[in-house]
Amino acid sequence: MTATGVGSPRADDLVLAVTGASGSVYAVRLLKVLIRSGRTVHLTMSPGAAQVIHEELGLEVDLAAFDPGPLGVRGPGRLVYHHHGDFSAGIASGSFRTSGMVIAPCSMSTLSSIAAGITTNLITRAADVHLKERRRLILVPRETPLSLIHLENMVRVTQAGAVVLPAMPGWYHRPHRLEDLVDFVVARICDQLGIVNALAPRWGDDHGPEPCDETRWDAAVDADETQPEAIEES
Ligand SMILES: Cc1cc2nc3c(=O)[nH]c(=O)nc-3n(C[C@H](O)[C@H](O)[C@H](O)COP(=O)(O)O)c2cc1C
């Protein structure tokens, strides 16, 4: 796995952009799953994403000298990092082959830029490229409540060909852990990308799938099965 550099693009390369909406845990988990599935992921992040990652996960991300170490990403896939201001990156051009792009989480600010065709950073430029090339673009917005402006922007990007996949986990699979809720959303994203996964039970499965090794949470997370203490009423 490489952390930086251009590399040689393949048609199944994916783009993952992270912006400053709440829910950075989805981005980190998705990145791990995609790399473990063997794909090459072109990663870019906004300054807002770095701020939210710090607030929510306590991780410091240096956008100018990116180090994937703290994210805990492991191969066999490849990680290629691009600075959000680098318009010379391959993913800024339609001639660079990819099989799709995900923006997770997607802020209302980035959503509005995409809806308006404004491309002032690599994230919105790459999204614009995916729309014009009629490639898969999946936006994972997180905001509540939604204004008419948010809703109209979602309609507009949907009409342009994007898939709006809100970070809205279901509860019908009876989640036990926060990780189950995260994986519910990440599984839906992977399904859209055609990434085979058993991250979350599927409705209609009798017993629910066993997560495969490649997609399991880190052992430290899995081992944390402690139950909260029962509080007795007096
Ligand atoms: C802790 C924190 C949480 C935020 N959560 C959201 C959110 O859920 N949705 C959203 O649209 N913006 C959220 N924001 C605001 C965005 O980060 C802000 O609008 C930023 O300019 C987005 O820029 P970007 O799209 O380039 O990342 C949050 C900001 C912070 C600091």
# chains A, B, ... in the order shown; residues from 1 in each chain; ligands from 1

$ closest_atom_pairs --of "chain A" --to "ligand 1" --cutoff "10 Å" --atoms "only C-alpha atoms and all ligand atoms" --output "CSV"
residue,atom,partner,partner_atom_place_in_ligand_line,distance
A:Ala17,CA,ligand 1,27 (O),9.5
A:Val18,CA,ligand 1,27 (O),7.2
A:Thr19,CA,ligand 1,27 (O),3.6
A:Gly20,CA,ligand 1,27 (O),3.5
A:Ala21,CA,ligand 1,7 (C),3.5
A:Ser22,CA,ligand 1,8 (O),3.8
A:Gly23,CA,ligand 1,8 (O),7.0
A:Ser24,CA,ligand 1,3 (C),9.4
A:Met45,CA,ligand 1,27 (O),7.6
A:Ser46,CA,ligand 1,27 (O),4.8
A:Pro47,CA,ligand 1,27 (O),6.1
A:Gly48,CA,ligand 1,27 (O),4.0
A:Ala49,CA,ligand 1,27 (O),5.2
A:Ala50,CA,ligand 1,27 (O),8.3
A:Gln51,CA,ligand 1,31 (C),6.0
A:Val52,CA,ligand 1,1 (C),4.8
A:Ile53,CA,ligand 1,1 (C),8.2
A:His54,CA,ligand 1,1 (C),8.5
A:Glu55,CA,ligand 1,1 (C),5.8
A:Glu56,CA,ligand 1,1 (C),7.0
A:His84,CA,ligand 1,26 (O),9.1
A:Ile103,CA,ligand 1,25 (O),9.8
A:Pro105,CA,ligand 1,8 (O),8.1
A:Cys106,CA,ligand 1,25 (O),6.7
A:Ser107,CA,ligand 1,11 (O),3.5
A:Met108,CA,ligand 1,11 (O),3.8
A:Ser109,CA,ligand 1,25 (O),4.7
A:Thr110,CA,ligand 1,25 (O),4.1
A:Leu111,CA,ligand 1,25 (O),7.5
A:Ser112,CA,ligand 1,25 (O),8.9
A:Ser113,CA,ligand 1,25 (O),8.6
A:Thr120,CA,ligand 1,26 (O),9.7
A:Asn121,CA,ligand 1,26 (O),8.2
A:Ile123,CA,ligand 1,26 (O),8.3
A:Thr124,CA,ligand 1,26 (O),8.9
A:Pro141,CA,ligand 1,9 (N),7.1
A:Arg142,CA,ligand 1,8 (O),4.7
A:Glu143,CA,ligand 1,9 (N),4.5
A:Thr144,CA,ligand 1,8 (O),7.5
A:Leu146,CA,ligand 1,11 (O),9.7
A:His150,CA,ligand 1,11 (O),9.1
A:Ala167,CA,ligand 1,8 (O),9.9

$ write_last_selection --atoms "C-alpha atoms" --output "PDB file, in the first residue's frame"
ATOM      1  CA  ALA A  17     -13.574  12.323  -0.552  1.00  0.00           C
ATOM      2  CA  VAL A  18     -14.163  13.288   3.059  1.00  0.00           C
ATOM      3  CA  THR A  19     -15.771  16.626   3.933  1.00  0.00           C
ATOM      4  CA  GLY A  20     -16.643  18.455   7.121  1.00  0.00           C
ATOM      5  CA  ALA A  21     -20.008  16.932   8.002  1.00  0.00           C
ATOM      6  CA  SER A  22     -20.420  14.970  11.164  1.00  0.00           C
ATOM      7  CA  GLY A  23     -19.832  11.218  10.798  1.00  0.00           C
ATOM      8  CA  SER A  24     -16.116  10.939  10.051  1.00  0.00           C
ATOM      9  CA  MET A  45     -10.113  15.547   2.363  1.00  0.00           C
ATOM     10  CA  SER A  46     -11.262  19.093   2.971  1.00  0.00           C
ATOM     11  CA  PRO A  47      -9.942  21.218   5.848  1.00  0.00           C
ATOM     12  CA  GLY A  48     -13.426  20.885   7.353  1.00  0.00           C
ATOM     13  CA  ALA A  49     -13.016  17.106   7.314  1.00  0.00           C
ATOM     14  CA  ALA A  50      -9.721  17.363   9.186  1.00  0.00           C
ATOM     15  CA  GLN A  51     -11.412  19.533  11.814  1.00  0.00           C
ATOM     16  CA  VAL A  52     -14.333  17.139  12.274  1.00  0.00           C
ATOM     17  CA  ILE A  53     -12.031  14.094  12.373  1.00  0.00           C
ATOM     18  CA  HIS A  54     -10.151  15.809  15.169  1.00  0.00           C
ATOM     19  CA  GLU A  55     -13.374  16.665  17.043  1.00  0.00           C
ATOM     20  CA  GLU A  56     -15.004  13.264  16.621  1.00  0.00           C
ATOM     21  CA  HIS A  84      -7.758  19.090  -1.816  1.00  0.00           C
ATOM     22  CA  ILE A 103     -18.173  11.658  -0.698  1.00  0.00           C
ATOM     23  CA  PRO A 105     -19.639  12.287   4.894  1.00  0.00           C
ATOM     24  CA  CYS A 106     -20.815  15.022   2.528  1.00  0.00           C
ATOM     25  CA  SER A 107     -21.397  18.471   4.023  1.00  0.00           C
ATOM     26  CA  MET A 108     -24.249  20.679   2.878  1.00  0.00           C
ATOM     27  CA  SER A 109     -21.598  23.114   1.664  1.00  0.00           C
ATOM     28  CA  THR A 110     -19.989  20.565  -0.656  1.00  0.00           C
ATOM     29  CA  LEU A 111     -23.435  19.312  -1.740  1.00  0.00           C
ATOM     30  CA  SER A 112     -24.436  22.846  -2.704  1.00  0.00           C
ATOM     31  CA  SER A 113     -21.252  23.372  -4.717  1.00  0.00           C
ATOM     32  CA  THR A 120     -13.232  25.356  -6.340  1.00  0.00           C
ATOM     33  CA  ASN A 121     -11.433  22.383  -4.803  1.00  0.00           C
ATOM     34  CA  ILE A 123     -13.384  17.320  -4.218  1.00  0.00           C
ATOM     35  CA  THR A 124     -16.019  19.295  -6.084  1.00  0.00           C
ATOM     36  CA  PRO A 141     -24.953  13.738   3.444  1.00  0.00           C
ATOM     37  CA  ARG A 142     -25.394  14.313   7.176  1.00  0.00           C
ATOM     38  CA  GLU A 143     -27.517  17.147   8.438  1.00  0.00           C
ATOM     39  CA  THR A 144     -30.757  17.505  10.343  1.00  0.00           C
ATOM     40  CA  LEU A 146     -33.011  19.692   6.226  1.00  0.00           C
ATOM     41  CA  HIS A 150     -30.644  21.212   1.157  1.00  0.00           C
ATOM     42  CA  ALA A 167     -26.023   8.493   6.700  1.00  0.00           C
TER      43      ALA A 167
END

$ residues_around --residues "Asp13 in chain A" --least-positions-apart "5" --cutoff "6 Å" --atoms "only C-alpha atoms" --output "ChimeraX atom specification"
/A:40,98-99

$ residues_around --residues "Gly72 in chain A" --least-positions-apart "4" --cutoff "10 Å" --atoms "only C-alpha atoms" --output "list in words"
Val28, Arg29, Leu31, Lys32, Pro68 and Asp218 of chain A

$ closest_residue --among "A:Ala92, A:Ala116, A:Ala11, A:Ala198" --to "Val129 in chain A" --atoms "only C-alpha atoms"
A:Ala92

$ select_by_dssp --residues "range 17-204 of chain A" --states "strand (DSSP E or B)" --output "list in words"
Ala17, Val18, Thr40, Val41, His42, Leu43, Thr44, Met45, Arg78, Leu79, Val80, Tyr81, Gly100, Met101, Val102, Ile103, Ala104, Pro105, Cys106, Leu137, Ile138, Leu139, Val140, Pro141, Val163 and Val164 of chain A

$ write_last_selection --atoms "C-alpha atoms" --output "JSON list (two decimals), in the first residue's frame"
[["chain", "number", "residue", "atom", "x", "y", "z"],
["A", 17, "ALA", "CA", -13.57, 12.32, -0.55],
["A", 18, "VAL", "CA", -14.16, 13.29, 3.06],
["A", 40, "THR", "CA", -7.01, 1.39, -5.16],
["A", 41, "VAL", "CA", -8.56, 4.34, -3.37],
["A", 42, "HIS", "CA", -7.80, 7.94, -4.28],
["A", 43, "LEU", "CA", -8.37, 9.82, -1.03],
["A", 44, "THR", "CA", -8.87, 13.54, -0.62],
["A", 45, "MET", "CA", -10.11, 15.55, 2.36],
["A", 78, "ARG", "CA", -3.55, 0.89, -2.44],
["A", 79, "LEU", "CA", -4.15, 4.30, -0.94],
["A", 80, "VAL", "CA", -3.26, 7.31, -3.08],
["A", 81, "TYR", "CA", -3.66, 10.63, -1.29],
["A", 100, "GLY", "CA", -16.81, 5.72, -9.08],
["A", 101, "MET", "CA", -16.57, 8.29, -6.33],
["A", 102, "VAL", "CA", -17.99, 8.53, -2.83],
["A", 103, "ILE", "CA", -18.17, 11.66, -0.70],
["A", 104, "ALA", "CA", -18.63, 10.48, 2.88],
["A", 105, "PRO", "CA", -19.64, 12.29, 4.89],
["A", 106, "CYS", "CA", -20.82, 15.02, 2.53],
["A", 137, "LEU", "CA", -21.15, 9.42, -7.72],
["A", 138, "ILE", "CA", -22.43, 8.60, -4.24],
["A", 139, "LEU", "CA", -23.04, 11.41, -1.77],
["A", 140, "VAL", "CA", -23.48, 10.56, 1.91],
["A", 141, "PRO", "CA", -24.95, 13.74, 3.44],
["A", 163, "VAL", "CA", -26.93, 8.77, -5.73],
["A", 164, "VAL", "CA", -27.87, 10.48, -2.47]]

$ select_by_dssp --residues "range 58-233 of chain A" --states "alpha helix (DSSP H)" --output "ChimeraX atom specification"
/A:108-116,122-132,148-159,178-193,219-223

$ write_last_selection --atoms "N, CA and C atoms" --output "compact mmCIF listing (two decimals), in the first residue's frame"
# COMPACT_ATOMS: atom_id res chain seq x y z
N MET A 108 -23.28 19.92 3.68
CA MET A 108 -24.25 20.68 2.88
C MET A 108 -23.53 21.70 2.00
N SER A 109 -22.38 22.17 2.47
CA SER A 109 -21.60 23.11 1.66
C SER A 109 -21.10 22.45 0.38
N THR A 110 -20.49 21.27 0.53
CA THR A 110 -19.99 20.57 -0.66
C THR A 110 -21.15 20.14 -1.55
N LEU A 111 -22.25 19.67 -0.95
CA LEU A 111 -23.43 19.31 -1.74
C LEU A 111 -23.89 20.50 -2.59
N SER A 112 -23.92 21.68 -1.97
CA SER A 112 -24.44 22.85 -2.70
C SER A 112 -23.51 23.22 -3.85
N SER A 113 -22.19 23.07 -3.63
CA SER A 113 -21.25 23.37 -4.72
C SER A 113 -21.46 22.42 -5.89
N ILE A 114 -21.62 21.13 -5.58
CA ILE A 114 -21.82 20.14 -6.64
C ILE A 114 -23.12 20.44 -7.39
N ALA A 115 -24.16 20.76 -6.63
CA ALA A 115 -25.46 21.05 -7.26
C ALA A 115 -25.38 22.25 -8.19
N ALA A 116 -24.51 23.20 -7.84
CA ALA A 116 -24.39 24.43 -8.63
C ALA A 116 -23.28 24.34 -9.68
N LEU A 122 -10.49 20.18 -5.20
CA LEU A 122 -10.38 18.90 -5.93
C LEU A 122 -11.60 18.02 -5.70
N ILE A 123 -12.23 18.16 -4.53
CA ILE A 123 -13.38 17.32 -4.22
C ILE A 123 -14.55 17.65 -5.15
N THR A 124 -14.88 18.92 -5.24
CA THR A 124 -16.02 19.29 -6.08
C THR A 124 -15.67 19.14 -7.57
N ARG A 125 -14.40 19.35 -7.92
CA ARG A 125 -13.99 19.13 -9.31
C ARG A 125 -14.13 17.64 -9.69
N ALA A 126 -13.64 16.76 -8.82
CA ALA A 126 -13.73 15.32 -9.13
C ALA A 126 -15.19 14.87 -9.18
N ALA A 127 -16.03 15.44 -8.31
CA ALA A 127 -17.46 15.09 -8.35
C ALA A 127 -18.07 15.56 -9.66
N ASP A 128 -17.72 16.77 -10.06
CA ASP A 128 -18.23 17.32 -11.32
C ASP A 128 -17.80 16.44 -12.50
N VAL A 129 -16.55 15.97 -12.44
CA VAL A 129 -16.03 15.08 -13.49
C VAL A 129 -16.84 13.78 -13.53
N HIS A 130 -17.12 13.22 -12.36
CA HIS A 130 -17.88 11.96 -12.34
C HIS A 130 -19.27 12.15 -12.92
N LEU A 131 -19.88 13.29 -12.66
CA LEU A 131 -21.20 13.54 -13.24
C LEU A 131 -21.12 13.72 -14.75
N LYS A 132 -20.15 14.49 -15.21
CA LYS A 132 -20.09 14.74 -16.66
C LYS A 132 -19.71 13.50 -17.43
N LEU A 148 -35.15 23.66 2.80
CA LEU A 148 -35.58 23.52 1.39
C LEU A 148 -34.37 23.58 0.47
N ILE A 149 -33.39 24.40 0.84
CA ILE A 149 -32.17 24.51 0.01
C ILE A 149 -31.45 23.18 -0.04
N HIS A 150 -31.30 22.54 1.13
CA HIS A 150 -30.64 21.21 1.16
C HIS A 150 -31.40 20.22 0.28
N LEU A 151 -32.73 20.20 0.47
CA LEU A 151 -33.55 19.23 -0.26
C LEU A 151 -33.49 19.48 -1.76
N GLU A 152 -33.56 20.75 -2.15
CA GLU A 152 -33.51 21.06 -3.59
C GLU A 152 -32.15 20.69 -4.18
N ASN A 153 -31.09 20.91 -3.39
CA ASN A 153 -29.76 20.51 -3.89
C ASN A 153 -29.68 19.00 -4.07
N MET A 154 -30.31 18.25 -3.16
CA MET A 154 -30.31 16.78 -3.30
C MET A 154 -31.08 16.35 -4.55
N VAL A 155 -32.20 17.03 -4.81
CA VAL A 155 -32.95 16.72 -6.04
C VAL A 155 -32.07 17.02 -7.26
N ARG A 156 -31.41 18.16 -7.21
CA ARG A 156 -30.63 18.59 -8.38
C ARG A 156 -29.50 17.61 -8.69
N VAL A 157 -28.76 17.17 -7.66
CA VAL A 157 -27.65 16.24 -7.93
C VAL A 157 -28.19 14.87 -8.34
N THR A 158 -29.36 14.50 -7.80
CA THR A 158 -29.97 13.23 -8.22
C THR A 158 -30.36 13.29 -9.69
N GLN A 159 -30.93 14.42 -10.09
CA GLN A 159 -31.30 14.56 -11.51
C GLN A 159 -30.07 14.54 -12.41
N LEU A 178 -22.38 0.44 18.36
CA LEU A 178 -22.33 1.57 17.44
C LEU A 178 -21.74 1.13 16.10
N GLU A 179 -20.77 0.22 16.17
CA GLU A 179 -20.13 -0.26 14.94
C GLU A 179 -21.13 -0.91 14.00
N ASP A 180 -22.17 -1.55 14.55
CA ASP A 180 -23.19 -2.17 13.71
C ASP A 180 -23.94 -1.10 12.90
N LEU A 181 -24.17 0.04 13.53
CA LEU A 181 -24.86 1.13 12.84
C LEU A 181 -23.98 1.74 11.76
N VAL A 182 -22.69 1.88 12.08
CA VAL A 182 -21.75 2.40 11.08
C VAL A 182 -21.70 1.45 9.88
N ASP A 183 -21.60 0.16 10.18
CA ASP A 183 -21.49 -0.82 9.10
C ASP A 183 -22.75 -0.91 8.26
N PHE A 184 -23.89 -0.61 8.84
CA PHE A 184 -25.13 -0.60 8.05
C PHE A 184 -24.99 0.40 6.90
N VAL A 185 -24.49 1.58 7.21
CA VAL A 185 -24.35 2.62 6.18
C VAL A 185 -23.22 2.27 5.22
N VAL A 186 -22.09 1.80 5.77
CA VAL A 186 -20.95 1.45 4.91
C VAL A 186 -21.32 0.31 3.96
N ALA A 187 -22.12 -0.64 4.45
CA ALA A 187 -22.56 -1.75 3.59
C ALA A 187 -23.40 -1.23 2.42
N ARG A 188 -24.27 -0.26 2.69
CA ARG A 188 -25.11 0.28 1.61
C ARG A 188 -24.23 1.00 0.57
N ILE A 189 -23.19 1.68 1.05
CA ILE A 189 -22.28 2.36 0.11
C ILE A 189 -21.55 1.31 -0.74
N CYS A 190 -21.04 0.26 -0.06
CA CYS A 190 -20.32 -0.81 -0.79
C CYS A 190 -21.23 -1.48 -1.81
N ASP A 191 -22.49 -1.68 -1.45
CA ASP A 191 -23.44 -2.27 -2.40
C ASP A 191 -23.54 -1.40 -3.65
N GLN A 192 -23.60 -0.10 -3.45
CA GLN A 192 -23.69 0.81 -4.60
C GLN A 192 -22.46 0.74 -5.49
N LEU A 193 -21.31 0.44 -4.85
CA LEU A 193 -20.05 0.37 -5.60
C LEU A 193 -19.81 -1.02 -6.18
N ALA A 219 -9.45 -6.05 16.03
CA ALA A 219 -9.63 -6.96 17.17
C ALA A 219 -9.94 -6.19 18.45
N ALA A 220 -9.29 -5.05 18.61
CA ALA A 220 -9.49 -4.28 19.84
C ALA A 220 -10.93 -3.83 19.95
N VAL A 221 -11.53 -3.49 18.83
CA VAL A 221 -12.93 -3.05 18.84
C VAL A 221 -13.83 -4.24 19.09
N ASP A 222 -13.51 -5.37 18.38
CA ASP A 222 -14.34 -6.56 18.54
C ASP A 222 -14.30 -7.08 19.98
N ALA A 223 -13.13 -6.93 20.62
CA ALA A 223 -12.97 -7.49 21.96
C ALA A 223 -13.75 -6.71 23.01
